[in-house]
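To start, the structure under review is shown below, and the notes come after it.
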Protein chains: 2
Amino acid sequence: MSKIIVILFFDEIELKMNKKPLILVTNDDGITAPGIRKLIKLMNTIGDVVVVAPDSPQSGMGHAITIDSTLTCDKVKIDDEAQVEYQCSGTPADCVKLGVREVLKRKPDLCVSGINHGSNSSINVIYSGTMSAAIEAGIEGIPAIGFSLLDYSLEANFDNLEDDILKITQNVLDNGLPNGVVLNVNFPKSDVPFKGTKICRQAKGNWEEDFDKRVNPLGKEYYWLSGKFVNEDHGEDTDDWALANNYISIVPVQFDLTAHHFIQGLNSWDL
Amino acid sequence: MSKIIVILFFDEIELKMNKKPLILVTNDDGITAPGIRKLIKLMNTIGDVVVVAPDSPQSGMGHAITIDSTLTCDKVKIDDEAQVEYQCSGTPADCVKLGVREVLKRKPDLCVSGINHGSNSSINVIYSGTMSAAIEAGIEGIPAIGFSLLDYSLEANFDNLEDDILKITQNVLDNGLPNGVVLNVNFPKSDVPFKGTKICRQAKGNWEEDFDKRVNPLGKEYYWLSGKFVNEDHGEDTDDWALANNYISIVPVQFDLTAHHFIQGLNSWDL
């Protein structure tokens, strides 16, 4: 009996000493996008990596989930690196749900999403599939980070982000994150070294739509959503200010949407 | 010159006296759902109503927008009431964008979304197309309300909500809403009169997924997303508490997602 106890004891020590963090990687640009391939490579250097990512681009999907159709989640091999990978037919939020419940069967130590091809600063956080994946992980109690680069090109250069992504990730693994908070990290597009990292608030901004109205070959009108982003915020503590000034921006993001400051005001209404 | 000034003066008074609020109505269950038909009927009693709503159900679409395919927006006539209606191929957020920029060509005085068939309390606000439409309107500076009834049935009875929907709507028209805040209103499913209205915070809760794994006729595995909602919050100031106790819940909702309370904490990290 005592012998068995000793064996278990050594097994546990061995497990603890060898334990690398289990990291779930996802994105919204699809599993073959250069941004996620870079992120997987970086995460392989610090943890055991499992990828569950969309099989096709899912930009602008916000926090959509698939409730009225079916989902597939198939194991794939895309390169010869150490990670295990699954491609999923659903949205980024679906990928996190499937990854945690069906693929891993337990909470990973960290979820990282990205690297997104394009900005998720300011109000873009609301529309972003990348950030919704991170938020979904946060809702499930998993420390989570969304990474984005302000370059929509598929040829975007992610090489100069490596050190900062590793540093931010290691900080989250070492320090943890408060319940209900995930990180939204955006990198400026820059050919010169970044000036540093700024902890920011979300800039107040908005898209001014300019729908492109066309007529199809059958004579029917249709639209393309188009527009320009307008930053209405002149604060120097915002993500958009940091990015415009060649700083990396980190915004702590919460999913308690309650406008606590207006509860008292509403209580004075005649309801 | 003075004559012209007098004419303008009278015109303005006349416009002001006759002016009914312009109300944009949308939802996520689709333009023919009983919930939106009830909401349209109610709004017709207090304003000039324009409906821009999805041509098919869009539940669970969160804040998705359509950026990689085209949109249609067609005028339709569904009943003989006073409203003007358009059905749109996109998401609830698309409907608000198209409604404001292409259909109305100006900001309406109010946007109402719903009445949703099913709860949008607690964390459901994140996944909800109904609430994303209201939030999209809020982002565009339009006072907005999402209404939901805790009954998923298409035969849900909306009749006992009428007085409260009109009262809440009139309060928003009279008092306005602060910039950056919209309202999330949920009604309990109840056969007895509601106990009243509570101003609440979003309950801390989560969906525990239980994917239903099946095999298709070709032998391929697929999943249905399924699960149960778990309310981890024992506070009596939450929307879920109010609803469970037969109160109407109103949560003021914001779309500045910054976790301001953690900015100082992050500044102490080694970044």
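Chain labels follow the order of the structure tokens: the first chain is A, the next B, and so on; residue numbering restarts at 1 in every chain, and ligands are counted from 1 in their shown order.
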
Distance cut-off 6 Å, counting only C-alpha atoms - which residues of chain A neighbour chain B? Return them as a short mmCIF file (atom, residue, chain, number, x, y, z; two decimals) with N, CA and C atoms, in the first residue's frame.
data_model
loop_
_atom_site.label_atom_id
_atom_site.label_comp_id
_atom_site.auth_asym_id
_atom_site.auth_seq_id
_atom_site.Cartn_x
_atom_site.Cartn_y
_atom_site.Cartn_z
N GLY A 60 -15.61 39.81 -39.17
CA GLY A 60 -16.86 40.54 -39.00
C GLY A 60 -17.98 39.71 -38.43
N MET A 61 -17.67 38.51 -37.94
CA MET A 61 -18.72 37.64 -37.42
C MET A 61 -19.14 38.01 -36.01
N GLY A 62 -18.43 38.96 -35.38
CA GLY A 62 -18.80 39.34 -34.02
C GLY A 62 -18.90 38.11 -33.15
N HIS A 63 -19.85 38.12 -32.21
CA HIS A 63 -19.96 36.98 -31.29
C HIS A 63 -21.04 35.99 -31.78
N ALA A 64 -21.12 35.83 -33.10
CA ALA A 64 -22.11 34.88 -33.64
C ALA A 64 -21.78 33.46 -33.21
N ILE A 65 -22.83 32.68 -32.95
CA ILE A 65 -22.69 31.25 -32.70
C ILE A 65 -23.67 30.51 -33.61
N THR A 70 -25.60 22.67 -38.40
CA THR A 70 -24.66 21.75 -37.77
C THR A 70 -23.22 22.27 -37.91
N LEU A 71 -22.34 21.67 -37.11
CA LEU A 71 -20.93 22.04 -37.09
C LEU A 71 -20.08 20.81 -37.38
N THR A 72 -18.99 21.01 -38.11
CA THR A 72 -18.00 19.95 -38.23
C THR A 72 -16.70 20.42 -37.61
N TYR A 127 -17.26 44.10 -33.56
CA TYR A 127 -17.53 43.35 -34.80
C TYR A 127 -16.56 42.18 -34.98
N ARG A 201 -7.52 52.68 -23.05
CA ARG A 201 -8.96 52.44 -23.11
C ARG A 201 -9.37 52.44 -24.59
N GLN A 202 -10.52 51.82 -24.84
CA GLN A 202 -11.10 51.75 -26.19
C GLN A 202 -11.47 53.16 -26.65
N TYR A 222 -28.56 45.56 -55.27
CA TYR A 222 -27.93 44.97 -54.08
C TYR A 222 -26.87 45.93 -53.57
N TYR A 223 -26.32 45.63 -52.41
CA TYR A 223 -25.38 46.54 -51.74
C TYR A 223 -24.12 45.80 -51.31
N TRP A 224 -23.02 46.54 -51.31
CA TRP A 224 -21.81 46.14 -50.58
C TRP A 224 -21.67 47.10 -49.40
N PRO A 252 -7.65 46.25 -21.74
CA PRO A 252 -8.35 45.19 -21.00
C PRO A 252 -9.83 45.28 -21.34
N VAL A 253 -10.42 44.14 -21.75
CA VAL A 253 -11.79 44.12 -22.27
C VAL A 253 -12.68 43.28 -21.34
N GLN A 254 -13.88 43.81 -21.05
CA GLN A 254 -14.80 43.06 -20.18
C GLN A 254 -16.08 42.73 -20.94
N LEU A 257 -21.57 44.00 -19.73
CA LEU A 257 -21.90 45.19 -20.53
C LEU A 257 -22.73 46.20 -19.74
N THR A 258 -23.02 45.90 -18.47
CA THR A 258 -23.86 46.82 -17.69
C THR A 258 -23.24 48.22 -17.63
N ALA A 259 -24.03 49.23 -17.99
CA ALA A 259 -23.61 50.62 -17.83
C ALA A 259 -23.93 51.03 -16.39
#

Exercise for the section: Find the residues around Gly35 of chain B up to 10 Å (only C-alpha atoms counted), leave out those fewer than 5 positions away in its own chain, and share them as a list in words. Expected result: Asn27, Asp28, Asp29, Gly30, Ile40, Ser113, Gly114, Ile115, Asn116, His117, Phe147, Ser148, Leu149, Leu154, Glu155, Ala156, Asn157 and Phe158 of chain B

Exercise for the section: Based on DSSP run over this structure's backbone, return all residues of segment 140-192 of chain A in strand (DSSP E), as a PyMOL selection string. Expected result: chain A and resi 144-149+181-187

Exercise for the section: Pick out the residues sitting within 7 Å of Leu22 of chain B, and hand them over as a list in words; count only C-alpha atoms, and ignore anything fewer than 5 positions along from it in its own chain. Expected result: Gly47, Asp48, Val49, Pro108, Asp109 and Leu110 of chain B

Taking C-alpha atoms for each residue, export the selection above as a compact mmCIF listing (two decimals), in the first residue's frame.
# COMPACT_ATOMS: atom_id res chain seq x y z
CA GLY B 47 -44.59 57.44 -34.13
CA ASP B 48 -43.86 57.15 -37.83
CA VAL B 49 -42.54 53.64 -38.20
CA PRO B 108 -34.31 58.09 -36.55
CA ASP B 109 -35.42 59.41 -33.15
CA LEU B 110 -35.49 55.89 -31.76

Exercise for the section: Write out as number ranges by chain each polymer residue whose atoms come within 7 Å of Cys95 of chain B, counting only C-alpha atoms; drop sequence neighbours fewer than 5 positions from it. Expected result: B: 52-54, 88, 90

Handout entry: All alpha helix (DSSP H) positions in segment 104-266 of chain A, as a ChimeraX atom specification
Key = /A:124-127,129-139,162-175,239-244,263-266

Exercise for the section: Between A:Asn124, A:Thr45, A:Ser190, A:Thr32, single out the one closest to Lys77 of chain A, counting only C-alpha atoms. Expected result: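 Going through A:Asn124, A:Thr45, A:Ser190, A:Thr32 one by one, the smallest distance to Lys77 of chain A is for A:Thr32.
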
Handout entry: Surrounding residues of Val50 of chain B excluding itself and chain neighbours under 3 positions, 7 Å, only C-alpha atoms, as a list in words
Key =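 These residues fall inside the cut-off: Ile23, Leu24, Val25, Gln83, Val84 and Glu85 of chain B.
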
Problem - Atom-to-atom span, atom CA of Phe194 of chain B and atom CA of Asp163 of chain B, Å - result: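 For atom CA of Phe194 of chain B relative to atom CA of Asp163 of chain B, the distance reads 11.4 Å.
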